[in-house]
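Structure data (PDB, C-alpha atoms and all ligand atoms) from my_file-v3.pdb:
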```
ATOM      1  CA  MET C   1     -28.665 195.609 220.222
ATOM      2  CA  ARG C   2     -25.788 197.621 218.822
ATOM      3  CA  THR C   3     -26.817 199.922 216.047
ATOM      4  CA  ARG C   4     -25.963 203.262 214.533
ATOM      5  CA  ILE C   5     -27.264 206.308 212.801
ATOM      6  CA  ALA C   6     -24.990 207.264 209.942
ATOM      7  CA  PRO C   7     -25.700 210.657 208.394
ATOM      8  CA  THR C   8     -23.705 211.859 205.410
ATOM      9  CA  PRO C   9     -22.873 215.571 205.733
ATOM     10  CA  SER C  10     -23.114 216.373 202.033
ATOM     11  CA  GLY C  11     -26.318 218.381 202.373
ATOM     12  CA  TYR C  12     -28.796 219.566 204.993
ATOM     13  CA  LEU C  13     -30.659 216.713 206.632
ATOM     14  CA  HIS C  14     -34.358 216.394 205.847
ATOM     15  CA  VAL C  15     -37.415 214.808 207.452
ATOM     16  CA  GLY C  16     -36.608 211.484 205.771
ATOM     17  CA  ASN C  17     -33.287 211.361 207.610
ATOM     18  CA  ALA C  18     -35.067 212.373 210.816
ATOM     19  CA  PHE C  19     -37.496 209.458 210.441
ATOM     20  CA  ASN C  20     -34.591 207.023 210.099
ATOM     21  CA  PHE C  21     -32.742 208.443 213.119
ATOM     22  CA  LEU C  22     -35.843 208.555 215.292
ATOM     23  CA  VAL C  23     -36.928 205.022 214.387
ATOM     24  CA  THR C  24     -33.422 203.725 215.122
ATOM     25  CA  ALA C  25     -33.228 205.582 218.442
ATOM     26  CA  GLU C  26     -36.717 204.435 219.427
ATOM     27  CA  LEU C  27     -35.833 200.801 218.677
ATOM     28  CA  VAL C  28     -32.780 201.080 220.946
ATOM     29  CA  ARG C  29     -34.924 202.668 223.649
ATOM     30  CA  THR C  30     -37.531 199.897 223.345
ATOM     31  CA  ILE C  31     -35.213 196.892 223.098
ATOM     32  CA  GLY C  32     -32.187 198.202 224.979
ATOM     33  CA  GLY C  33     -28.666 198.490 223.662
ATOM     34  CA  THR C  34     -26.114 200.922 222.327
ATOM     35  CA  LEU C  35     -26.689 203.656 219.776
ATOM     36  CA  PHE C  36     -23.662 204.904 217.859
ATOM     37  CA  LEU C  37     -23.370 208.054 215.818
ATOM     38  CA  ARG C  38     -21.231 207.573 212.748
ATOM     39  CA  VAL C  39     -20.780 210.566 210.508
ATOM     40  CA  ASP C  40     -20.120 209.279 206.997
ATOM     41  CA  ASP C  41     -17.660 211.980 206.009
ATOM     42  CA  LEU C  42     -15.696 209.814 203.590
ATOM     43  CA  ASP C  43     -16.242 212.059 200.568
ATOM     44  CA  GLN C  44     -14.420 215.238 201.545
ATOM     45  CA  GLU C  45     -15.227 216.866 198.212
ATOM     46  CA  ARG C  46     -18.905 216.942 199.170
ATOM     47  CA  VAL C  47     -18.636 217.437 202.938
ATOM     48  CA  ARG C  48     -19.053 221.032 204.119
ATOM     49  CA  PRO C  49     -18.634 222.412 207.650
ATOM     50  CA  GLU C  50     -22.216 223.733 207.710
ATOM     51  CA  TYR C  51     -23.551 220.258 206.916
ATOM     52  CA  VAL C  52     -21.465 218.710 209.687
ATOM     53  CA  GLU C  53     -22.762 221.357 212.079
ATOM     54  CA  ASP C  54     -26.300 220.588 210.883
ATOM     55  CA  VAL C  55     -25.930 216.919 211.910
ATOM     56  CA  PHE C  56     -25.303 217.838 215.543
ATOM     57  CA  ARG C  57     -27.921 220.581 215.637
ATOM     58  CA  SER C  58     -30.504 218.272 214.088
ATOM     59  CA  LEU C  59     -29.845 215.486 216.578
ATOM     60  CA  ALA C  60     -30.158 217.946 219.457
ATOM     61  CA  TRP C  61     -33.374 219.370 217.999
ATOM     62  CA  LEU C  62     -34.827 215.874 217.576
ATOM     63  CA  GLY C  63     -33.858 215.003 221.161
ATOM     64  CA  ILE C  64     -31.659 212.079 220.126
ATOM     65  CA  ARG C  65     -28.841 211.207 222.492
ATOM     66  CA  VAL C  66     -26.315 208.692 221.271
ATOM     67  CA  ASP C  67     -24.261 206.433 223.521
ATOM     68  CA  GLU C  68     -21.082 206.553 221.480
ATOM     69  CA  GLY C  69     -19.665 208.752 218.772
ATOM     70  CA  PRO C  70     -18.495 212.318 218.227
ATOM     71  CA  SER C  71     -19.955 214.995 220.501
ATOM     72  CA  GLY C  72     -19.500 217.776 217.955
ATOM     73  CA  PRO C  73     -17.629 218.877 214.831
ATOM     74  CA  GLU C  74     -14.246 219.278 216.599
ATOM     75  CA  ASP C  75     -14.531 215.907 218.304
ATOM     76  CA  LEU C  76     -15.430 214.380 214.940
ATOM     77  CA  GLN C  77     -12.293 215.781 213.304
ATOM     78  CA  ARG C  78     -10.096 214.783 216.215
ATOM     79  CA  SER C  79     -11.241 211.260 216.971
ATOM     80  CA  TRP C  80     -14.045 209.866 214.795
ATOM     81  CA  SER C  81     -13.748 211.024 211.217
ATOM     82  CA  GLN C  82     -13.618 208.403 208.498
ATOM     83  CA  GLN C  83     -10.656 210.381 207.172
ATOM     84  CA  LEU C  84      -8.707 208.904 210.080
ATOM     85  CA  ARG C  85      -9.541 205.396 208.879
ATOM     86  CA  MET C  86      -8.547 205.588 205.229
ATOM     87  CA  GLU C  87      -5.641 203.182 205.685
ATOM     88  CA  ARG C  88      -7.912 200.686 207.339
ATOM     89  CA  TYR C  89     -10.403 200.845 204.431
ATOM     90  CA  GLY C  90      -7.540 200.661 201.938
ATOM     91  CA  ARG C  91      -6.261 197.466 203.529
ATOM     92  CA  VAL C  92      -9.676 195.874 203.167
ATOM     93  CA  VAL C  93      -9.818 196.886 199.496
ATOM     94  CA  GLU C  94      -6.441 195.131 199.195
ATOM     95  CA  GLN C  95      -7.984 192.025 200.724
ATOM     96  CA  VAL C  96     -10.755 192.089 198.138
ATOM     97  CA  ARG C  97      -8.220 192.622 195.386
ATOM     98  CA  ALA C  98      -6.193 189.641 196.652
ATOM     99  CA  THR C  99      -9.222 187.406 196.098
ATOM    100  CA  GLY C 100      -9.223 188.360 192.405
ATOM    101  CA  HIS C 101     -12.608 190.080 192.530
ATOM    102  CA  LEU C 102     -11.391 193.528 191.464
ATOM    103  CA  TYR C 103     -10.259 194.784 188.087
ATOM    104  CA  PRO C 104      -8.697 198.078 187.026
ATOM    105  CA  CYS C 105     -10.875 200.297 184.874
ATOM    106  CA  ALA C 106      -9.833 203.585 183.319
ATOM    107  CA  CYS C 107     -13.015 203.996 181.261
ATOM    108  CA  SER C 108     -15.156 207.086 181.401
ATOM    109  CA  ARG C 109     -18.776 206.806 182.434
ATOM    110  CA  ALA C 110     -19.860 207.440 178.825
ATOM    111  CA  GLN C 111     -17.659 204.606 177.603
ATOM    112  CA  ARG C 112     -19.103 202.216 180.146
ATOM    113  CA  GLU C 113     -22.670 203.141 179.340
ATOM    114  CA  ARG C 114     -21.987 202.589 175.661
ATOM    115  CA  GLU C 115     -20.377 199.208 176.198
ATOM    116  CA  GLY C 116     -22.449 197.893 179.107
ATOM    117  CA  SER C 117     -20.773 196.149 182.007
ATOM    118  CA  GLY C 118     -21.241 192.644 180.637
ATOM    119  CA  VAL C 119     -19.065 193.149 177.577
ATOM    120  CA  HIS C 120     -16.837 195.711 179.164
ATOM    121  CA  LEU C 121     -13.332 195.377 177.780
ATOM    122  CA  CYS C 122     -11.141 195.961 180.837
ATOM    123  CA  ARG C 123     -13.334 193.510 182.749
ATOM    124  CA  THR C 124     -12.145 190.627 180.650
ATOM    125  CA  GLY C 125      -8.560 191.837 180.347
ATOM    126  CA  GLU C 126      -5.691 190.409 182.280
ATOM    127  CA  ILE C 127      -5.276 191.762 185.760
ATOM    128  CA  GLY C 128      -1.556 192.127 186.084
ATOM    129  CA  SER C 129       0.393 195.185 187.074
ATOM    130  CA  THR C 130      -1.464 198.051 188.726
ATOM    131  CA  PRO C 131      -2.146 200.682 186.086
ATOM    132  CA  VAL C 132      -1.680 204.203 187.331
ATOM    133  CA  GLY C 133      -4.728 206.442 187.585
ATOM    134  CA  THR C 134      -7.355 203.749 187.210
ATOM    135  CA  ALA C 135     -10.379 202.960 189.289
ATOM    136  CA  TRP C 136     -10.782 199.481 190.699
ATOM    137  CA  ARG C 137     -14.154 197.891 190.181
ATOM    138  CA  LEU C 138     -15.790 194.916 191.799
ATOM    139  CA  LYS C 139     -16.390 192.160 189.285
ATOM    140  CA  VAL C 140     -20.024 191.240 189.886
ATOM    141  CA  PRO C 141     -20.985 187.945 188.227
ATOM    142  CA  ASP C 142     -23.959 187.830 185.892
ATOM    143  CA  PRO C 143     -26.300 186.819 187.399
ATOM    144  CA  CYS C 144     -25.478 187.553 191.035
ATOM    145  CA  PRO C 145     -28.536 186.974 193.209
ATOM    146  CA  VAL C 146     -27.937 188.148 196.773
ATOM    147  CA  SER C 147     -30.541 187.323 199.384
ATOM    148  CA  TRP C 148     -30.992 187.599 203.096
ATOM    149  CA  SER C 149     -33.689 187.486 205.743
ATOM    150  CA  GLU C 150     -34.733 190.856 207.069
ATOM    151  CA  TRP C 151     -35.167 191.447 210.791
ATOM    152  CA  ASP C 152     -38.866 190.635 210.484
ATOM    153  CA  GLY C 153     -38.088 187.403 208.612
ATOM    154  CA  ALA C 154     -39.126 188.661 205.177
ATOM    155  CA  ARG C 155     -36.891 187.454 202.370
ATOM    156  CA  GLN C 156     -35.011 190.123 200.469
ATOM    157  CA  VAL C 157     -33.635 189.181 197.050
ATOM    158  CA  VAL C 158     -31.497 191.542 194.982
ATOM    159  CA  GLU C 159     -29.966 190.840 191.598
ATOM    160  CA  LEU C 160     -26.748 192.710 192.298
ATOM    161  CA  ASN C 161     -25.538 192.690 188.722
ATOM    162  CA  SER C 162     -28.483 194.769 187.580
ATOM    163  CA  ALA C 163     -28.915 196.769 190.825
ATOM    164  CA  MET C 164     -25.254 197.798 190.968
ATOM    165  CA  PRO C 165     -23.154 196.634 188.032
ATOM    166  CA  ASP C 166     -19.435 196.515 188.859
ATOM    167  CA  PRO C 167     -19.326 199.293 191.473
ATOM    168  CA  VAL C 168     -16.086 201.214 191.995
ATOM    169  CA  MET C 169     -14.258 200.062 195.119
ATOM    170  CA  LEU C 170     -11.288 202.402 194.798
ATOM    171  CA  GLN C 171     -11.702 205.685 192.975
ATOM    172  CA  ARG C 172      -9.566 206.917 190.170
ATOM    173  CA  GLY C 173      -7.372 209.900 190.955
ATOM    174  CA  ASN C 174      -7.844 210.356 194.687
ATOM    175  CA  GLY C 175      -7.655 206.609 195.461
ATOM    176  CA  ARG C 176     -10.562 206.917 197.872
ATOM    177  CA  PRO C 177     -12.174 203.654 198.993
ATOM    178  CA  ALA C 178     -15.882 203.328 198.242
ATOM    179  CA  TYR C 179     -18.704 204.043 200.684
ATOM    180  CA  GLN C 180     -19.609 200.337 200.458
ATOM    181  CA  VAL C 181     -16.225 199.351 201.840
ATOM    182  CA  ALA C 182     -16.134 202.003 204.576
ATOM    183  CA  SER C 183     -19.670 201.204 205.728
ATOM    184  CA  LEU C 184     -18.981 197.469 205.885
ATOM    185  CA  VAL C 185     -15.662 197.926 207.710
ATOM    186  CA  ASP C 186     -17.104 200.408 210.198
ATOM    187  CA  ASP C 187     -20.085 198.176 210.977
ATOM    188  CA  MET C 188     -17.746 195.239 211.574
ATOM    189  CA  ASP C 189     -15.264 197.207 213.689
ATOM    190  CA  MET C 190     -18.049 198.729 215.796
ATOM    191  CA  GLY C 191     -19.633 195.334 216.382
ATOM    192  CA  ILE C 192     -22.924 196.488 214.887
ATOM    193  CA  ASP C 193     -25.611 193.790 215.015
ATOM    194  CA  HIS C 194     -28.693 195.722 213.842
ATOM    195  CA  VAL C 195     -28.913 198.080 210.877
ATOM    196  CA  VAL C 196     -31.958 200.241 210.209
ATOM    197  CA  ARG C 197     -31.954 201.834 206.772
ATOM    198  CA  GLY C 198     -34.251 203.369 204.243
ATOM    199  CA  ALA C 199     -35.391 201.102 201.414
ATOM    200  CA  ASP C 200     -33.263 203.123 198.980
ATOM    201  CA  LEU C 201     -30.201 201.478 200.526
ATOM    202  CA  ILE C 202     -31.283 197.897 199.718
ATOM    203  CA  PRO C 203     -28.824 197.727 196.763
ATOM    204  CA  SER C 204     -26.054 198.979 199.089
ATOM    205  CA  THR C 205     -26.865 196.280 201.624
ATOM    206  CA  ALA C 206     -26.724 193.724 198.804
ATOM    207  CA  CYS C 207     -23.325 195.017 197.697
ATOM    208  CA  GLN C 208     -21.956 194.949 201.239
ATOM    209  CA  TRP C 209     -23.420 191.489 201.740
ATOM    210  CA  TYR C 210     -21.582 190.286 198.660
ATOM    211  CA  LEU C 211     -18.329 191.923 199.821
ATOM    212  CA  ALA C 212     -18.715 190.256 203.219
ATOM    213  CA  LEU C 213     -19.112 186.938 201.414
ATOM    214  CA  ILE C 214     -15.892 187.503 199.466
ATOM    215  CA  LEU C 215     -14.062 188.618 202.610
ATOM    216  CA  LYS C 216     -15.496 185.776 204.696
ATOM    217  CA  ARG C 217     -16.986 188.068 207.316
ATOM    218  CA  PRO C 218     -19.961 186.038 208.586
ATOM    219  CA  ALA C 219     -20.572 188.602 211.356
ATOM    220  CA  PHE C 220     -21.938 190.934 208.695
ATOM    221  CA  GLN C 221     -24.404 188.328 207.511
ATOM    222  CA  ALA C 222     -25.523 187.878 211.118
ATOM    223  CA  ILE C 223     -26.642 191.524 211.250
ATOM    224  CA  ARG C 224     -30.389 192.040 211.482
ATOM    225  CA  PHE C 225     -31.399 194.457 208.753
ATOM    226  CA  HIS C 226     -34.539 196.473 208.599
ATOM    227  CA  HIS C 227     -35.196 198.578 205.500
ATOM    228  CA  HIS C 228     -38.053 200.946 206.189
ATOM    229  CA  PRO C 229     -40.213 202.727 203.599
ATOM    230  CA  LEU C 230     -38.988 206.137 202.554
ATOM    231  CA  VAL C 231     -40.660 209.336 203.599
ATOM    232  CA  THR C 232     -42.023 210.986 200.485
ATOM    233  CA  ASP C 233     -42.853 214.593 199.759
ATOM    234  CA  GLY C 234     -46.610 214.068 199.561
ATOM    235  CA  THR C 235     -46.633 213.581 195.805
ATOM    236  CA  GLY C 236     -44.830 210.272 196.187
ATOM    237  CA  ARG C 237     -41.382 211.592 195.338
ATOM    238  CA  LYS C 238     -38.397 210.666 197.455
ATOM    239  CA  LEU C 239     -36.985 213.547 199.467
ATOM    240  CA  SER C 240     -33.595 214.816 198.508
ATOM    241  CA  LYS C 241     -31.018 216.951 200.217
ATOM    242  CA  SER C 242     -31.991 219.888 198.070
ATOM    243  CA  ALA C 243     -35.608 219.636 199.271
ATOM    244  CA  GLY C 244     -35.528 223.045 200.946
ATOM    245  CA  ASP C 245     -38.670 223.215 203.044
ATOM    246  CA  THR C 246     -38.372 219.633 204.282
ATOM    247  CA  SER C 247     -34.888 220.311 205.633
ATOM    248  CA  LEU C 248     -34.624 220.062 209.396
ATOM    249  CA  ARG C 249     -32.782 223.347 209.389
ATOM    250  CA  SER C 250     -35.721 225.224 207.906
ATOM    251  CA  LEU C 251     -38.114 223.570 210.369
ATOM    252  CA  ARG C 252     -35.833 224.533 213.252
ATOM    253  CA  GLU C 253     -35.482 228.081 212.035
ATOM    254  CA  ALA C 254     -39.238 228.392 211.586
ATOM    255  CA  GLY C 255     -39.589 227.473 215.267
ATOM    256  CA  ARG C 256     -41.418 224.231 214.537
ATOM    257  CA  SER C 257     -41.535 221.435 217.080
ATOM    258  CA  PRO C 258     -40.159 217.984 216.196
ATOM    259  CA  ASP C 259     -43.012 216.336 218.125
ATOM    260  CA  HIS C 260     -44.960 215.158 215.087
ATOM    261  CA  LEU C 261     -41.798 213.539 213.675
ATOM    262  CA  ARG C 262     -41.193 211.813 217.000
ATOM    263  CA  ASP C 263     -44.811 210.596 217.188
ATOM    264  CA  GLN C 264     -44.618 209.252 213.659
ATOM    265  CA  ALA C 265     -41.428 207.283 214.435
ATOM    266  CA  LYS C 266     -42.841 206.020 217.710
ATOM    267  CA  ALA C 267     -46.005 204.752 216.012
ATOM    268  CA  TYR C 268     -43.893 203.061 213.348
ATOM    269  CA  VAL C 269     -41.760 201.281 215.964
ATOM    270  CA  GLU C 270     -44.829 200.176 217.938
ATOM    271  CA  ALA C 271     -46.317 198.633 214.799
ATOM    272  CA  PHE C 272     -42.968 197.040 213.923
ATOM    273  CA  MET C 273     -42.601 195.490 217.387
ATOM    274  CA  ARG C 274     -46.115 194.048 217.137
ATOM    275  CA  HIS C 275     -45.276 192.762 213.673
ATOM    276  CA  ILE C 276     -42.080 190.933 214.727
ATOM    277  CA  SER C 277     -43.549 189.517 217.929
ATOM    278  CA  GLY C 278     -46.821 188.444 216.397
TER     279      GLY C 278
HETATM  280 ZN    ZN N 301     -13.140 200.049 181.997
END
```
Take the structure in the file and give it back as structure tokens.
Amino acid sequence: MRTRIAPTPSGYLHVGNAFNFLVTAELVRTIGGTLFLRVDDLDQERVRPEYVEDVFRSLAWLGIRVDEGPSGPEDLQRSWSQQLRMERYGRVVEQVRATGHLYPCACSRAQREREGSGVHLCRTGEIGSTPVGTAWRLKVPDPCPVSWSEWDGARQVVELNSAMPDPVMLQRGNGRPAYQVASLVDDMDMGIDHVVRGADLIPSTACQWYLALILKRPAFQAIRFHHHPLVTDGTGRKLSKSAGDTSLRSLREAGRSPDHLRDQAKAYVEAFMRHISG
């Protein structure tokens, strides 16, 4: 299998991220294959050097060794950063635009919420010349059911129009391609064939699936996806990057061992392997 862990350095990593990384690494160890590290540093306005540093420290603390990817912050900047691939992502956005599935939108968020995506004015307007300073949105049909079989065979069905109505593919102002585009392109270019993600990314998978359909990239649809349950904070709430005491940094600094996190991931993978083979 060829898979990846893909942290976003826009905050300190927490135990939920650790669970995802450990499960992914344990699956590679069990099945055999290649584990990539891909640092999703697309959004430079939110990336901070201390968060990038935290990615590498956390992986070392968790005992995760990747087969390919940046060895540290300098190596990331030099050879692996998504900033180095902006042109590549931009070309793919162009390909989507050429299929007629994008439209320019200069509306504010408030405007869009007031109007709703279905009756949104620029959506129905003529797509002619490229207006300056607009975002480009993906025109998601209504309805737009997207479905796929998960790694374990379970059917996943997402109504993309309600899960992610007309997501921005190219941002206004900075012209930055969307995470959905970068993630899809990177997975394709790296030859990824297994993706292990938290269940909160199911709408993202659906969006990327739909983009792959538009772009005729069947290799993406051949990927085996596993969306695992999210680690919660004990009261059932999803962990966030501001969740101070669940951050890996605070556990490290308190001298805690990552063993219980590793055991938890190992037990999860054992149960998963039994599940898919039985
Ligand atoms: Zn608009």
Go through the chains and note each residue within 9 Å of ligand ZN 301 (chain N), using all atoms listed in the file, then give the set as a PDB file with C-alpha atoms, keeping the file's coordinate frame.
```
ATOM      1  CA  TYR C 103     -10.259 194.784 188.087  1.00  0.00           C
ATOM      2  CA  PRO C 104      -8.697 198.078 187.026  1.00  0.00           C
ATOM      3  CA  CYS C 105     -10.875 200.297 184.874  1.00  0.00           C
ATOM      4  CA  ALA C 106      -9.833 203.585 183.319  1.00  0.00           C
ATOM      5  CA  CYS C 107     -13.015 203.996 181.261  1.00  0.00           C
ATOM      6  CA  SER C 108     -15.156 207.086 181.401  1.00  0.00           C
ATOM      7  CA  ARG C 109     -18.776 206.806 182.434  1.00  0.00           C
ATOM      8  CA  GLN C 111     -17.659 204.606 177.603  1.00  0.00           C
ATOM      9  CA  ARG C 112     -19.103 202.216 180.146  1.00  0.00           C
ATOM     10  CA  SER C 117     -20.773 196.149 182.007  1.00  0.00           C
ATOM     11  CA  HIS C 120     -16.837 195.711 179.164  1.00  0.00           C
ATOM     12  CA  LEU C 121     -13.332 195.377 177.780  1.00  0.00           C
ATOM     13  CA  CYS C 122     -11.141 195.961 180.837  1.00  0.00           C
ATOM     14  CA  ARG C 123     -13.334 193.510 182.749  1.00  0.00           C
ATOM     15  CA  THR C 134      -7.355 203.749 187.210  1.00  0.00           C
ATOM     16  CA  ALA C 135     -10.379 202.960 189.289  1.00  0.00           C
ATOM     17  CA  ARG C 137     -14.154 197.891 190.181  1.00  0.00           C
TER      18      ARG C 137
END
```
Determine the residue set returned by the PyMOL selection byres (((chain C and resi 141) around 9) and not hetatm) for the present structure, and present it as a PyMOL selection string. chain C and resi 118+139-140+142-144+160-161+165-166
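Closest approach to Leu59 of chain C among C:Ile223, C:Val269, C:Leu37, C:Val47: C:Leu37, based on only C-alpha atoms.
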If we count only C-alpha atoms and set the cut-off at 9 Å, which residues sit around Arg224 of chain C, ignoring sequence neighbours fewer than 6 positions away in its own chain? Please answer as a ChimeraX atom specification. /C:149-152,193-196
Output check: residues returned by the PyMOL selection byres (((chain C and resi 38) around 9) and not hetatm), as number ranges by chain: C: 4-8, 36-37, 39-41, 68-70, 80-82, 186
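Counting all atoms listed in the file and comparing C:Val157, C:Ala182, C:Leu213, C:Val55, the residue that lies closest to Met169 of chain C is C:Ala182.
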Skipping near chain neighbours, those fewer than 4 positions away, what residues fall within 8 Å of segment 94-97 of chain C using all atoms listed in the file, listed as an NGL selection string? :C and (90 or 101-103 or 211 or 214-215)
Evaluating the PyMOL selection byres (((chain C and resi 259-263) around 10) and not hetatm) on the displayed file yields which residues, as a ChimeraX atom specification? /C:15-16,18-19,21-23,26,62-63,256-258,264-269
